[in-house]
Every structure is written in structure tokens, then in C-alpha cells.
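Since the structure comes first, as C-alpha cells, the remarks are kept for the end.
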Amino acid sequence: MVIQHNITAMNANRMFNLTNANQAKSTEKLSSGYKINRSADDAAGLSISEKMRRQVRGLTQASANAADGISCVQTAEGALNEVQDMLQRMGELAVKGANGTLTSVDREYITMEVRQLMSEIDRVQSTTTFNEQKLLDGSFSGKGLQVGAESGQHITISIGNMCTNDLIASALSKGIFYQTNNDSPRCQVTDKPHPSVAPYPPGVTAYWIPGDGTTWAKYEYFDKKTVQPWGSPGHSHILSAEDLTIFHSFSYDAITDEKVKDRLTNKWNNFMPETTGGSEEALALDKAQDVRYFQALNVFAKSAISDVSEARSNLGAIQNRLEHTISNLDNIVENTTAAESAIRDTDIATEMVKYANNNILAQAGQSMLAQANQSNQSALAILQ
């Protein structure tokens, strides 16, 4: 029996402190909701959960990016819907203007409406924006939507130039032939072979370009759906820029689609006269009385409607793709969050059991510490 050292009290105190430390950790986990509050709690688990957190936050933002992409696509597609409505009206006016019961004055009135529609297409093209970025002027090309948590995970959106000038250029590049009853420098009867044309090489499918009796054009240079083959009766006319000059001025240099421009340069340059005057000058020349211009407008409207439909189809496909992308991203976020939760979050039921156990041990330790402190009192009785 000694009085210098109370080993029993020291042991009781050490165990009491350990119990208090464990109880403090349980209290922290229960109050924060996290099983890992510092790296010391689970160093490996902390590292894994932080990587998952980065992925979850990145995927959540990627889902928001895809939603922004859908809004952008819907904005562009809505504008193109209006453009297509105006082109449909042009087609209707073209059929109306080609009617033989109309006077030249009637056709001038129709021409004025067509010109206004073309001007409105150009206005829509220049003013349709999303987040201060123009969508229909050709500058919104190769835009990558970041739809993943890692670099390089993107979907590319490109929208071509939907101005009237580019729509005309696209129609010209297709080499469209159309039937008309009018003669012109680029319109000849094609119901018999031209005597000055020698047979073209065997195995080459070619068509004679009206207006040039010595030129054969390879089949692949033309839109196969619109080419008028040799031997068709009537007048076969090739669409040129001057056919549309009473409706809209055309500029070869202003074409923004390089593929179309290249095709016109290499394939059609000799048969694509540029418009030297605008539609004001054309009206001053009283060209609206010629039915052929409305027949040309008809085939242009058909071509432009096809181009806009293709652009709208591409945008619709991208929108559907983005909707599936969002669904997939949200699914990954949900599953990754569940995995991160299993590592990081506190299991309240389990932790409450530990807390209750530590609470009982703390009370018992406190009681035993009090008893140990009383044990040295018995030594005093011997001294008495």
C-alpha cells in the first residue's frame, strides 16, 4: 500500500480519457453527418471520395451545359422555322407569279413581297443570337459543348449561314435545270442533239449544258434529282444568279460556305454570271413581267427549303442527342453520389450504438476514477 502513486486512479483516468475521445468523435460524426471529417479518420477513403466528388460536380455542370446547348439549339431551330415559313410563302408566290393571267404590274407587286421576305430572312439571320453569339450567320461553327467531367468530352454544334445570298449560292451550286417556255442565252431546246457536239467519252455519264453547244458536264457535278438529261423535250434552263436579280442582289465574294464557293469556282464559274445590279435596278428594268423569273424563283425556293430542312433536321438530331446525354449524366451522378455516400457519410444507427456505448463507459469510468481516488484514504488509517 503506497500513497506516492495511485496507479489505479491513473489507469481509470487513462481509460476515461480514451472513452471521452471516442465519444467526441462519435458526437462529431453524428453532428456533421460525415464518417470522414479529416484524413486521419480514413486516409484512403478520403482520397477516393474526393475523386468521386470532383466527378460528381463536373458531371452536374456538364448536365447544365447540355441543357444550355438544348436552349441554344431550340433558339436556332425556332428562327429557322420562321425562315422556312417565309420560303414556303415564296414558293407560293412563285407559282402565283408564273400564272399567265397576271399582268406585269401584278408581278411587280408579287416581286415586292418576295423582296421583303428575302430581306426579313436576312434580318432574322443577322439578329438571332444566344448569349450574345449570332447563330445563323455562319460564325457559330465547331462550337463544342462540354458534356463530361473530363477534358475532350464534348459534342460539336455547327450552324451554317442562312442568309439569302448563301441560299442562292447553294441553289446555283446544285446545277438545277428547270423547264420554261422562254428562250434565253442559257436556255435552249433539248429535244434533239446539238449538231456541233461530238460524242462524249465512253463510260462517262454527261449532260449538255444549255447555252454552250460545245460543253459536256459530268453527272456528278450536278444534283442528280434536278438535272434535266439530254433528250428531254422543251426548254431546259440552268439556274443562274441573274435569274433571281429582280428579287435579291447576289455576291459571289460574300459566300461564306467554302464548299459551295469552291464548287461554284471549279464547276460552275463559266455558267454562273454574277448580278451586276441589285433588285432595285432590276425592277427599274421592268424584268418582273418575264414569267421565267418566277419559274426560277420556284426552283430556288425548293432548293432553299431543302437546305433549311437539312439544317433543322441536324439541330433536331443534336437536341435529341443532348436529351439522352443529360439523362445519362444524371444517372451517372446519382450512382456516383451513392458510392461516395457509402464511403463518406455517417451511418447514424451504427454511430448511435457506439455513442451510447461510449456514454455508458464514460459514466462508469468517472465512477471508477472516484473510487480509485478514495483508495489511498485507507493508508491513513494505519498511520493513526
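In the C-alpha cells, the first chain shown is A, the next is B, and so on; residue numbers restart at 1 for each chain, and ligands run from 1 in the order shown.
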Which polymer residues have any atom within 9 Å of an atom of Ile36 in chain A, counting only C-alpha atoms, with same-chain residues fewer than 5 positions away left out, as an mmCIF file with C-alpha atoms, in the first residue's frame?
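Below is the file that was written, around35.cif:
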```cif
data_model
loop_
_atom_site.group_PDB
_atom_site.id
_atom_site.type_symbol
_atom_site.label_atom_id
_atom_site.label_comp_id
_atom_site.auth_asym_id
_atom_site.auth_seq_id
_atom_site.Cartn_x
_atom_site.Cartn_y
_atom_site.Cartn_z
ATOM 1 C CA LYS A 29 -19.769 12.272 -36.853
ATOM 2 C CA ASP A 41 -10.428 9.233 -39.960
ATOM 3 C CA ASP A 42 -9.788 7.244 -43.184
ATOM 4 C CA ALA A 43 -6.946 8.430 -45.413
ATOM 5 C CA GLY A 45 -11.454 6.643 -48.097
ATOM 6 C CA LEU A 46 -10.936 10.408 -48.117
ATOM 7 C CA ILE A 343 -17.607 5.941 -48.163
ATOM 8 C CA ARG A 344 -18.072 9.406 -46.654
ATOM 9 C CA ASP A 345 -21.425 9.597 -44.881
ATOM 10 C CA THR A 346 -22.145 8.545 -41.298
#
```
Fewer than 4 positions away in the same chain doesn't count, so skip those; otherwise give me all residues within 9 Å of Gly365 in chain A, counting only C-alpha atoms, as an MDAnalysis selection string. chainID A and resid 12:13 15:17 19 360:361 369:370
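The smallest atom-to-atom distance between Val105 in chain A and any of A:Ser39, A:Gln55, A:Thr128, A:Gln289, using only C-alpha atoms, is found for A:Gln289.
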Nearest to Leu244 in chain A, chosen from A:Ala79, A:Phe177, A:Asn357, A:Ala169, with only C-alpha atoms counted in the distances: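 Distance minimum relative to Leu244 in chain A lands on A:Ala169.
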Using Å and a single decimal, report how far CA of Lys143 in chain A sits from CA of Ala301 in chain A.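 Distance reported for this atom pair: 29.1 Å.
Candidate residues A:Ser303, A:Asn6, A:Ser63, A:Asn20 were compared for distance to Ile332 in chain A, and the nearest is A:Ser63, using only C-alpha atoms.
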Which one is closest to Thr325 in chain A: A:Ala62, A:Ala21, A:Leu297, A:Met86? Count only C-alpha atoms.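 Closest to Thr325 in chain A of all the choices is A:Ala62.
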Find the spatial neighbours of Cys163 in chain A, counting only C-alpha atoms, within a cut-off of 8 Å - ignore same-chain residues fewer than 3 positions away - and output them as a list in words. Ile121, Asp122, Gln125, Leu136, Asp137, Asp166 and Leu167 of chain A
Closest to Gln146 in chain A among A:Ala66, A:Tyr355, A:Gly33, A:Tyr178, using only C-alpha atoms? A:Ala66
So, with only C-alpha atoms as the atoms that count, which of A:Ile348, A:Leu18, A:Ala304, A:Ala24 lies closest to Ser173 in chain A? A:Ala304
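One distance worth recording is that between CA of Ala342 in chain A and CA of Tyr34 in chain A, which is 10.2 Å.
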Extract, using only C-alpha atoms, all DNA, RNA and protein residues at most 8 Å from Gly160 in chain A, discarding same-chain residues fewer than 5 positions from it, and format them as a PyMOL selection string. chain A and resi 136-141+257+311
Residues near Ala67 in chain A, anyone? I mean within 8 Å using only C-alpha atoms, not counting same-chain ones fewer than 5 positions away, as a ChimeraX atom specification. /A:322-323,326
Considering only C-alpha atoms, return as a VMD selection string whatever protein or nucleic-acid residues lie within 10 Å of Leu117 in chain A, sequence-local ones (same chain, fewer than 4 positions apart) excluded. chain A and resid 83 85 to 87 89 to 90 111 to 113 121 to 123 164 247
Writer output for current selection, C-alpha atoms, as a compact mmCIF listing (two decimals), in the first residue's frame:
```txt
# COMPACT_ATOMS: atom_id res chain seq x y z
CA VAL A 83 -37.26 31.23 -92.31
CA ASP A 85 -42.30 29.60 -93.46
CA MET A 86 -41.10 32.58 -95.49
CA LEU A 87 -39.56 30.30 -98.10
CA ARG A 89 -44.58 31.70 -98.98
CA MET A 90 -42.01 32.48 -101.70
CA THR A 111 -41.89 40.79 -106.60
CA MET A 112 -42.05 43.45 -103.91
CA GLU A 113 -43.41 40.94 -101.39
CA ILE A 121 -34.71 36.27 -93.87
CA ASP A 122 -31.50 38.30 -93.81
CA ARG A 123 -32.71 40.25 -90.76
CA THR A 164 -30.36 34.70 -98.71
CA PHE A 247 -35.66 39.60 -106.10
```
